[in-house]
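I have placed the structure first, in the form of structure tokens, so that the comments after it can refer back to it.
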Number of protein chains: 2
Amino acid sequence: MDLDFVRNLKKSNNTKIVLLVLDGLGGLTINNGGLTELEKAVTPNLDKLALESVCGLQIPVGNGITPGSGPGHLALFGYNPIKYQVGRGVLAANGIGFKLENGDIAARGNFATVNEEGLVVDRRAGRISSEKNNELCKKLCNNINLDNCSLFIETVKEHRFLLVLRAEGLSSDIIDTDPQEVGKKPFKAQGFSDKSDRTVDIVNDFLNQTSDLLRDEKPANMVLLRGFSKKPDWPLFRDVFGLKSAAIASYPMYKGLAGLIGMDLLKSEGDSIQDEINTLKKYWGDYDFFFIHVKKTDSYGEDGNFDAKVKVIEEVDQKLSQILDLNPDVLIVTGDHSTPSALKYHSWHPVPVLVYSKFCRPDKVSKFGERDCITGGLGPRFPAEDLIPLALANSKRLEKFGA
Amino acid sequence: MDLDFVRNLKKSNNTKIVLLVLDGLGGLTINNGGLTELEKAVTPNLDKLALESVCGLQIPVGNGITPGSGPGHLALFGYNPIKYQVGRGVLAANGIGFKLENGDIAARGNFATVNEEGLVVDRRAGRISSEKNNELCKKLCNNINLDNCSLFIETVKEHRFLLVLRAEGLSSDIIDTDPQEVGKKPFKAQGFSDKSDRTVDIVNDFLNQTSDLLRDEKPANMVLLRGFSKKPDWPLFRDVFGLKSAAIASYPMYKGLAGLIGMDLLKSEGDSIQDEINTLKKYWGDYDFFFIHVKKTDSYGEDGNFDAKVKVIEEVDQKLSQILDLNPDVLIVTGDHSTPSALKYHSWHPVPVLVYSKFCRPDKVSKFGERDCITGGLGPRFPAEDLIPLALANSKRLEKFGA
């Protein structure tokens with residue numbers, strides 16, 4: 001839904017909305033005729049809630065499209081994930097919790113191996129250890145000097161690092177230097193337009209100095225850069241939807257995404273679901289909207305661990321009453337995409353969703369599962385980006401449209 | 001779905017996709033409380049497949065919109081049928097298998113009757129026979145000379161013919177000369193823009209010569225032209241979706257549509273369903289994607305022959321195992337639109353569809369029929385143009401979108 005359309009209808013009151021995201025919630029049966037993870041899980045509390053909710057399955061990006069975590073969450077936050085795309089550099093910064101300032105240029109880097117002729121022979125430098133990576137980042141940071149430009153080089157993981165350039169008037173309109181294939185030379189930095197001339201010079205200066213500094217390293221004797229991007233200048237969640245909002249998430253990636261649209265990031269004692277719920281209770285009076293992120297459903301899905309994914313869903317079910325006891329006006333339970341343990345990967349399958357409120361007009365769904373939700377009131381292909389407008393409606397935070 | 005969006009996500013592998021189109025598949029009950037053609041048909045094999053598939057009903061163009069065969073098929077091929085429209089001239093060429101070259105201008109023509117004042121009195125010249133039409137086409141072809149422009153005039157059927165002009169630098173920006181009403185004079189050719197000046201002169205020269213040559217014919221003493229158009233310059237199916245594709249269809253219209261987007265056209269021994277399946281088997285190793293077209297469901301629908309349409313569906317059902325024995329990674333069974341025998345015409349009703357793959361997440365639908373498919377996982381209004389992206393997903397031919 002167009003953000004300005006919703007923005008013009010929003011109104012405030014004292015209601016509270018909770019968006020509970022079980023990452024990668026949707027699943028598949030392991031063998032035909034069996035049950036999915038969610039269907040297998042014993043979830044008396046979610047099932048009871050489903051009875052009082054409007055249920056369905058939602059599509060984060062489009063039919064057949066497998067969402068990354070970024071697009072999956074942006075859709076849940078009400079932002080069209082095709083219109084609002086995040087560059088890889090910014091995502092890398094988010095991923096490690098690096099706070100980008102306005103105007104910073106971020107790029108995702110690979111340590112790589114080039115041969116004597118300068119041709120790439122390994123785009124990942126044999127997946128060097130994160131420790132080695134950290135050592136190289138420090139070496140580069142301590143020895144590179146750029147003309148009127150600050151420099152940050154941070155380890156991400158294995159061969160991956162983050163490069164951030166900070167200066168006045170930089171542009172992110174620069175093509176990747178990563179040729180994406182072995183047997184080719186890394187590209188020199190090139191701009192899409194004149195306005196990136198200065199940034200191109202800085203990046204090429206960085207690449208030359210880096211090449212000299214890494215000359216005797218093995219195997220990581222070069223770097224490849226891609227996804228030059230700036231912190232996006234998007235409308236803030238609070239401004240669009242009128243909700244003072246907070247994110248309760250333990251992984252930097254999800255905090256980063258919530259931070260991009262201006263949500264406050266709340267710190268929990270630990271990483272467990274109970275820790276997150278404790279945080280919710282602690283800050284209950286301070287916000288209109290809470291995004292709670294449960295990571296482990298996705299992690300076990302990616303591991304192919306069906307039973308462990310089932311157990312995480314059951315744990316959430318057991319703790320659901322603690323959320324309900326806070327009397328949220330609206331509670332949405334869903335995922336940012338499916339991660340079937342049968343596939344060990346994100347997938348394109350629609351994601352079960354329930355929207356609970358006193359005014360939601362419940363359907364006949366009495367079990368929170370993929371096949372049961374098909375016949376729910378939200379239908380089997382509800383656009384994820386409409387969930388926030390629907391939550392606003394259910395909390396009486398939207399004016400009537402037109403006279 | 002935007003073709004460039006999908007194009008940027010595609011990847012290749014060795015999977016195979018079959019799109020089995022039963023033309024005009026969807027139907028209606030003859031009397032209330034009865035069964036549709038598909039519901040009436042005894043289809044144990046389709047029903048068993050439905051159990052292992054994700055089912056639903058699809059909308060080719062839009063709610064309430066009755067698709068022609070062109071839009072219906074383009075939607076099934078993943079092309080938005082409102083964005084990708086084919087001119088009538090090009091469709092007429094397709095319909096008779098005339099191979100348009102780039103730059104050719106095609107127009108659909110009618111032989112018509114004008115009175116002594118030149119006013120149209122019959123837009124179809126009393127629906128002259130195709131034989132008479134052919135005689136007139138030859139007469140025109142043999143006697144008309146245009147300035148540096150080749151000319152093709154081909155019989156379509158009854159009063160309908162195809163005009164093709166071939167020369168350098170022609171434009172199709174020309175309004176119809178058919179006034180669409182009796183009692184009016186045929187229009188002279190006129191261009192939308194300066195760049196059609198030369199083409200306008202050629203068309204008017206053609207019309208003058210034609211008028212002279214037909215002066216003494218009865219009743220076909222004039223021609224009316226419409227739908228000036230060029231072979232469209234559309235993205236090719238293979239380039240967009242990464243699929244080496246082939247069409248198995250016996251009617252020129254469907255071969256023509258498939259040819260427009262670059263599918264190879266495979267020749268069968270005969271026109272029967274078994275002939276088409278034999279062709280599928282013969283070329284199984286050579287392509288990633290097969291479009292198989294069964295015409296008779298539509299023909300009998302248009303005849304109002306409920307029982308014969310049922311029988312064609314049953315024949316497809318009996319031969320389904322021959323397709324399944326090839327082990328396609330994805331099999332889609334659907335139609336390009338509905339043709340209820342109760343209406344004897346194409347209709348706007350959604351079309352039953354099943355998408356079978358190992359990873360499709362089956363729903364509870366156990367009978368392939370209009371009413372059962374409503375509760376399928378694709379929902380009762382799935383956009384037909386998303387079927388190919390969904391097939392790509394199910395054959396693991398799409399990258400994740402975003403990180």
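In the structure tokens, the first chain shown is A, the next is B, and so on; residue numbers restart at 1 for each chain, and ligands run from 1 in the order shown.
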
| said: Give me, as a PyMOL selection string, the residues of chain A touching chain B, with the criterion being at most 9 Å (counting only C-alpha atoms). | reply: chain A and resi 27-29+32-33+61-72+82+85-88+91+342-343+346-350+370-372+374-375+379-381

| task | Write out as a PyMOL selection string each polymer residue whose atoms come within 8 Å of region 313-328 of chain A, counting only C-alpha atoms; drop sequence neighbours fewer than 4 positions from it. | result | chain A and resi 15-18+22+38+41-46+273-274+277+281+284+297+309

Residues from last step as file, all heavy atoms, as a short mmCIF file (atom, residue, chain, number, x, y, z; two decimals), in the first residue's frame:
data_model
loop_
_atom_site.label_atom_id
_atom_site.label_comp_id
_atom_site.auth_asym_id
_atom_site.auth_seq_id
_atom_site.Cartn_x
_atom_site.Cartn_y
_atom_site.Cartn_z
N THR A 15 -3.73 2.74 21.91
CA THR A 15 -3.69 1.29 21.69
C THR A 15 -2.26 0.80 21.50
O THR A 15 -1.36 1.59 21.22
CB THR A 15 -4.50 0.93 20.44
OG1 THR A 15 -3.97 1.69 19.35
CG2 THR A 15 -5.97 1.24 20.63
N LYS A 16 -2.12 -0.51 21.66
CA LYS A 16 -0.80 -1.13 21.50
C LYS A 16 -0.87 -2.30 20.52
O LYS A 16 -1.79 -3.12 20.57
CB LYS A 16 -0.27 -1.60 22.85
CG LYS A 16 0.02 -0.42 23.77
CD LYS A 16 0.86 -0.81 24.95
CE LYS A 16 0.98 0.37 25.92
NZ LYS A 16 1.81 1.47 25.37
N ILE A 17 0.15 -2.34 19.66
CA ILE A 17 0.22 -3.36 18.62
C ILE A 17 1.51 -4.16 18.80
O ILE A 17 2.57 -3.58 19.00
CB ILE A 17 0.23 -2.72 17.21
CG1 ILE A 17 -1.04 -1.88 16.99
CG2 ILE A 17 0.41 -3.77 16.12
CD1 ILE A 17 -1.00 -1.02 15.73
N VAL A 18 1.40 -5.49 18.74
CA VAL A 18 2.58 -6.35 18.81
C VAL A 18 2.69 -7.15 17.52
O VAL A 18 1.73 -7.79 17.09
CB VAL A 18 2.52 -7.32 20.01
CG1 VAL A 18 3.72 -8.27 20.00
CG2 VAL A 18 2.48 -6.55 21.32
N LEU A 22 8.16 -14.95 13.84
CA LEU A 22 8.95 -16.18 13.96
C LEU A 22 9.66 -16.34 12.61
O LEU A 22 9.05 -16.73 11.62
CB LEU A 22 8.05 -17.39 14.24
CG LEU A 22 7.56 -17.55 15.69
CD1 LEU A 22 6.56 -16.48 16.06
CD2 LEU A 22 6.97 -18.94 15.90
N LEU A 38 5.00 -26.32 11.55
CA LEU A 38 3.97 -25.62 12.33
C LEU A 38 2.77 -26.53 12.58
O LEU A 38 2.16 -26.49 13.67
CB LEU A 38 3.54 -24.34 11.61
CG LEU A 38 2.44 -23.51 12.25
CD1 LEU A 38 2.83 -23.05 13.65
CD2 LEU A 38 2.08 -22.30 11.38
N ALA A 41 3.82 -29.03 15.31
CA ALA A 41 4.01 -28.47 16.64
C ALA A 41 2.69 -28.50 17.44
O ALA A 41 1.63 -28.25 16.88
CB ALA A 41 4.51 -27.03 16.54
N VAL A 42 2.80 -28.82 18.71
CA VAL A 42 1.64 -28.79 19.59
C VAL A 42 1.49 -27.35 20.10
O VAL A 42 2.32 -26.87 20.88
CB VAL A 42 1.83 -29.77 20.77
CG1 VAL A 42 0.63 -29.70 21.71
CG2 VAL A 42 2.01 -31.19 20.23
N THR A 43 0.46 -26.67 19.60
CA THR A 43 0.34 -25.23 19.87
C THR A 43 -1.07 -24.86 20.32
O THR A 43 -1.80 -24.14 19.63
CB THR A 43 0.66 -24.42 18.59
OG1 THR A 43 -0.19 -24.90 17.52
CG2 THR A 43 2.10 -24.56 18.16
N PRO A 44 -1.45 -25.36 21.51
CA PRO A 44 -2.83 -25.10 21.98
C PRO A 44 -3.13 -23.61 22.11
O PRO A 44 -4.27 -23.18 21.87
CB PRO A 44 -2.87 -25.79 23.35
CG PRO A 44 -1.43 -25.97 23.75
CD PRO A 44 -0.67 -26.14 22.47
N ASN A 45 -2.13 -22.82 22.46
CA ASN A 45 -2.41 -21.40 22.69
C ASN A 45 -2.54 -20.62 21.38
O ASN A 45 -3.41 -19.76 21.24
CB ASN A 45 -1.31 -20.81 23.57
CG ASN A 45 -1.26 -21.52 24.92
OD1 ASN A 45 -2.24 -21.56 25.65
ND2 ASN A 45 -0.12 -22.15 25.22
N LEU A 46 -1.68 -20.97 20.42
CA LEU A 46 -1.82 -20.34 19.10
C LEU A 46 -3.12 -20.77 18.44
O LEU A 46 -3.80 -19.98 17.78
CB LEU A 46 -0.62 -20.71 18.20
CG LEU A 46 0.67 -19.93 18.46
CD1 LEU A 46 1.87 -20.61 17.80
CD2 LEU A 46 0.54 -18.49 17.95
N ILE A 273 13.94 -16.36 24.05
CA ILE A 273 12.59 -15.84 23.85
C ILE A 273 12.08 -15.21 25.15
O ILE A 273 11.47 -14.15 25.14
CB ILE A 273 11.65 -16.98 23.39
CG1 ILE A 273 12.13 -17.51 22.02
CG2 ILE A 273 10.22 -16.51 23.29
CD1 ILE A 273 11.45 -18.79 21.57
N GLN A 274 12.40 -15.86 26.28
CA GLN A 274 11.95 -15.31 27.56
C GLN A 274 12.59 -13.95 27.81
O GLN A 274 11.94 -13.02 28.30
CB GLN A 274 12.28 -16.28 28.71
CG GLN A 274 11.69 -15.84 30.04
CD GLN A 274 10.16 -15.71 29.98
OE1 GLN A 274 9.46 -16.65 29.61
NE2 GLN A 274 9.63 -14.52 30.29
N ILE A 277 10.68 -11.48 25.82
CA ILE A 277 9.36 -11.17 26.41
C ILE A 277 9.53 -10.30 27.66
O ILE A 277 8.74 -9.38 27.91
CB ILE A 277 8.59 -12.47 26.72
CG1 ILE A 277 8.20 -13.14 25.39
CG2 ILE A 277 7.36 -12.19 27.56
CD1 ILE A 277 7.47 -14.45 25.53
N LYS A 281 7.77 -6.69 28.39
CA LYS A 281 7.05 -6.30 29.62
C LYS A 281 7.64 -5.00 30.19
O LYS A 281 6.92 -4.09 30.59
CB LYS A 281 7.16 -7.41 30.67
CG LYS A 281 6.40 -8.67 30.32
CD LYS A 281 6.60 -9.72 31.40
CE LYS A 281 5.96 -11.05 31.02
NZ LYS A 281 6.34 -12.14 31.95
N TRP A 284 6.65 -1.99 28.12
CA TRP A 284 5.26 -2.02 27.64
C TRP A 284 4.60 -0.64 27.66
O TRP A 284 3.87 -0.26 26.74
CB TRP A 284 4.44 -3.01 28.47
CG TRP A 284 3.04 -3.21 27.92
CD1 TRP A 284 1.87 -2.83 28.51
CD2 TRP A 284 2.68 -3.80 26.67
NE1 TRP A 284 0.81 -3.16 27.73
CE2 TRP A 284 1.28 -3.76 26.57
CE3 TRP A 284 3.41 -4.37 25.62
CZ2 TRP A 284 0.58 -4.25 25.48
CZ3 TRP A 284 2.72 -4.86 24.52
CH2 TRP A 284 1.31 -4.80 24.45
N THR A 297 13.61 -20.27 14.70
CA THR A 297 12.80 -21.02 13.73
C THR A 297 13.50 -21.07 12.38
O THR A 297 13.54 -22.11 11.72
CB THR A 297 11.40 -20.36 13.57
OG1 THR A 297 11.51 -18.96 13.86
CG2 THR A 297 10.39 -20.98 14.48
N LYS A 309 13.00 -27.09 14.93
CA LYS A 309 12.13 -25.97 14.53
C LYS A 309 10.76 -26.11 15.19
O LYS A 309 10.19 -25.13 15.70
CB LYS A 309 12.01 -25.92 13.00
CG LYS A 309 11.27 -24.69 12.49
CD LYS A 309 11.26 -24.58 10.96
CE LYS A 309 10.23 -23.53 10.51
NZ LYS A 309 9.99 -23.55 9.07
#

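Distances here use only C-alpha atoms; by that measure, the residue among B:Asn221, B:Leu19, B:Asp271, B:Asp4 closest to Asp329 (chain B) is B:Leu19.
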
| task | Just list the residues in region 144-363 of chain A DSSP gives alpha helix (DSSP H) on the backbone, as JSON, numbers by chain. | result | {"A": [197, 198, 199, 200, 201, 202, 203, 204, 205, 206, 207, 208, 209, 210, 211, 212, 213, 214, 237, 238, 239, 240, 241, 252, 253, 254, 255, 256, 257, 258, 259, 260, 273, 274, 275, 276, 277, 278, 279, 280, 281, 282, 283, 296, 297, 298, 299, 300, 301, 302, 303, 306, 307, 308, 309, 310, 311, 312, 313, 314, 315, 316, 317, 318, 319, 320, 321, 322, 323, 324]}

| request: Among the residues of region 158-257 of chain B, find those DSSP assigns to strand (DSSP E) from the backbone and print them as a PyMOL selection string. | output: chain B and resi 160-166+222-229+245-248

Those selected residues, please, written with N, CA, C and O atoms and delivered as an mmCIF file, in the first residue's frame.
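Final output, saved to again-v2.cif:
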data_model
loop_
_atom_site.group_PDB
_atom_site.id
_atom_site.type_symbol
_atom_site.label_atom_id
_atom_site.label_comp_id
_atom_site.auth_asym_id
_atom_site.auth_seq_id
_atom_site.Cartn_x
_atom_site.Cartn_y
_atom_site.Cartn_z
ATOM 1 N N ARG B 160 -12.570 -12.479 -44.391
ATOM 2 C CA ARG B 160 -11.390 -11.944 -43.716
ATOM 3 C C ARG B 160 -10.107 -12.247 -44.497
ATOM 4 O O ARG B 160 -9.900 -13.363 -44.950
ATOM 5 N N PHE B 161 -9.250 -11.248 -44.603
ATOM 6 C CA PHE B 161 -7.950 -11.504 -45.224
ATOM 7 C C PHE B 161 -6.847 -10.774 -44.469
ATOM 8 O O PHE B 161 -7.108 -9.962 -43.560
ATOM 9 N N LEU B 162 -5.632 -11.104 -44.828
ATOM 10 C CA LEU B 162 -4.453 -10.485 -44.212
ATOM 11 C C LEU B 162 -3.736 -9.674 -45.282
ATOM 12 O O LEU B 162 -3.493 -10.171 -46.386
ATOM 13 N N LEU B 163 -3.393 -8.430 -44.932
ATOM 14 C CA LEU B 163 -2.560 -7.610 -45.808
ATOM 15 C C LEU B 163 -1.209 -7.404 -45.141
ATOM 16 O O LEU B 163 -1.157 -7.027 -43.965
ATOM 17 N N VAL B 164 -0.143 -7.683 -45.875
ATOM 18 C CA VAL B 164 1.200 -7.407 -45.338
ATOM 19 C C VAL B 164 1.957 -6.545 -46.339
ATOM 20 O O VAL B 164 2.011 -6.871 -47.529
ATOM 21 N N LEU B 165 2.515 -5.441 -45.857
ATOM 22 C CA LEU B 165 3.351 -4.558 -46.668
ATOM 23 C C LEU B 165 4.795 -4.728 -46.204
ATOM 24 O O LEU B 165 5.066 -4.728 -44.999
ATOM 25 N N ARG B 166 5.693 -4.891 -47.164
ATOM 26 C CA ARG B 166 7.102 -5.097 -46.788
ATOM 27 C C ARG B 166 7.982 -4.101 -47.548
ATOM 28 O O ARG B 166 8.054 -4.140 -48.780
ATOM 29 N N MET B 222 -15.142 -3.774 -52.180
ATOM 30 C CA MET B 222 -14.260 -2.852 -51.445
ATOM 31 C C MET B 222 -13.567 -3.634 -50.319
ATOM 32 O O MET B 222 -13.985 -4.751 -49.994
ATOM 33 N N VAL B 223 -12.522 -3.028 -49.751
ATOM 34 C CA VAL B 223 -11.891 -3.648 -48.573
ATOM 35 C C VAL B 223 -11.825 -2.610 -47.453
ATOM 36 O O VAL B 223 -11.752 -1.408 -47.706
ATOM 37 N N LEU B 224 -11.873 -3.129 -46.230
ATOM 38 C CA LEU B 224 -11.728 -2.299 -45.025
ATOM 39 C C LEU B 224 -10.527 -2.858 -44.247
ATOM 40 O O LEU B 224 -10.390 -4.074 -44.116
ATOM 41 N N LEU B 225 -9.684 -1.964 -43.747
ATOM 42 C CA LEU B 225 -8.460 -2.417 -43.068
ATOM 43 C C LEU B 225 -8.451 -1.951 -41.611
ATOM 44 O O LEU B 225 -8.882 -0.842 -41.307
ATOM 45 N N ARG B 226 -7.944 -2.788 -40.767
ATOM 46 C CA ARG B 226 -7.779 -2.342 -39.365
ATOM 47 C C ARG B 226 -6.631 -3.070 -38.679
ATOM 48 O O ARG B 226 -6.173 -4.117 -39.141
ATOM 49 N N GLY B 227 -6.221 -2.508 -37.571
ATOM 50 C CA GLY B 227 -5.188 -3.160 -36.761
ATOM 51 C C GLY B 227 -3.825 -3.181 -37.428
ATOM 52 O O GLY B 227 -3.106 -4.187 -37.350
ATOM 53 N N PHE B 228 -3.422 -2.058 -38.064
ATOM 54 C CA PHE B 228 -2.074 -1.984 -38.621
ATOM 55 C C PHE B 228 -1.064 -2.225 -37.496
ATOM 56 O O PHE B 228 -1.105 -1.555 -36.466
ATOM 57 N N SER B 229 -0.192 -3.154 -37.692
ATOM 58 C CA SER B 229 0.742 -3.460 -36.590
ATOM 59 C C SER B 229 1.983 -4.177 -37.105
ATOM 60 O O SER B 229 1.986 -4.751 -38.195
ATOM 61 N N SER B 245 12.564 -23.217 -24.649
ATOM 62 C CA SER B 245 11.147 -23.574 -24.633
ATOM 63 C C SER B 245 10.628 -24.005 -25.990
ATOM 64 O O SER B 245 11.120 -23.579 -27.030
ATOM 65 N N ALA B 246 9.613 -24.865 -25.944
ATOM 66 C CA ALA B 246 9.012 -25.390 -27.162
ATOM 67 C C ALA B 246 7.501 -25.445 -27.016
ATOM 68 O O ALA B 246 6.980 -25.698 -25.931
ATOM 69 N N ALA B 247 6.823 -25.198 -28.125
ATOM 70 C CA ALA B 247 5.370 -25.247 -28.148
ATOM 71 C C ALA B 247 4.910 -26.461 -28.944
ATOM 72 O O ALA B 247 5.417 -26.731 -30.033
ATOM 73 N N ILE B 248 3.957 -27.188 -28.352
ATOM 74 C CA ILE B 248 3.343 -28.315 -29.051
ATOM 75 C C ILE B 248 1.868 -27.967 -29.193
ATOM 76 O O ILE B 248 1.089 -28.084 -28.250
#

| note | Expressed in Å, the length from CA of Ser171 (chain B) to CA of Leu74 (chain B) is 24.6 Å

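Nearest-residue note for Ala308 (chain B): choosing from B:Ser193, B:Ile105, B:Arg397, B:Lys296, the minimum distance belongs to B:Lys296, counting only C-alpha atoms.
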
| request: Please provide as a PyMOL selection string all residues within 10 Å of Val114 (chain A), with the sequence filter that same-chain residues fewer than 4 positions apart are discarded (counting only C-alpha atoms). | output: chain A and resi 118-123+125+182-186+215+218-223

Store the residues of this selection in a file with C-alpha atoms, as a PDB file, in the first residue's frame.
ATOM      1  CA  GLY A 118      46.344  -9.670 -11.408  1.00  0.00           C
ATOM      2  CA  LEU A 119      43.580 -12.071 -12.444  1.00  0.00           C
ATOM      3  CA  VAL A 120      41.184 -13.256  -9.740  1.00  0.00           C
ATOM      4  CA  VAL A 121      41.781 -16.929  -8.945  1.00  0.00           C
ATOM      5  CA  ASP A 122      39.620 -17.126  -5.795  1.00  0.00           C
ATOM      6  CA  ARG A 123      36.881 -14.601  -5.054  1.00  0.00           C
ATOM      7  CA  ALA A 125      40.579 -16.106  -0.671  1.00  0.00           C
ATOM      8  CA  VAL A 182      37.555 -15.964 -11.659  1.00  0.00           C
ATOM      9  CA  GLY A 183      39.984 -15.405 -14.522  1.00  0.00           C
ATOM     10  CA  LYS A 184      39.169 -11.719 -14.760  1.00  0.00           C
ATOM     11  CA  LYS A 185      40.869  -8.636 -13.334  1.00  0.00           C
ATOM     12  CA  PRO A 186      39.022  -6.796 -10.608  1.00  0.00           C
ATOM     13  CA  ARG A 215      50.954  -7.796  -1.937  1.00  0.00           C
ATOM     14  CA  LYS A 218      48.629 -15.344   1.031  1.00  0.00           C
ATOM     15  CA  PRO A 219      45.961 -16.082  -0.019  1.00  0.00           C
ATOM     16  CA  ALA A 220      44.216 -12.740   0.663  1.00  0.00           C
ATOM     17  CA  ASN A 221      46.210 -10.411  -1.599  1.00  0.00           C
ATOM     18  CA  MET A 222      43.356  -8.343  -3.023  1.00  0.00           C
ATOM     19  CA  VAL A 223      39.886  -7.025  -2.220  1.00  0.00           C
TER      20      VAL A 223
END

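Shortest atom-to-atom contact with Val353 (chain A) among A:Leu35, A:Leu76, A:Ala167, A:Ala189: A:Leu76, counting only C-alpha atoms.
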
| Residues within 10 Å of Arg7 (chain B), only C-alpha atoms, excluding chain neighbours under 5 positions, as a PyMOL selection string | chain B and resi 2+237-242+389+398

| task | Might you pull out every residue within 10 Å of Lys231 (chain A), with only C-alpha atoms counted and same-chain residues fewer than 5 positions away left off, and present them as a VMD selection string? | result | chain A and resid 86 to 87 89 to 91 93 to 94 99 to 106 260
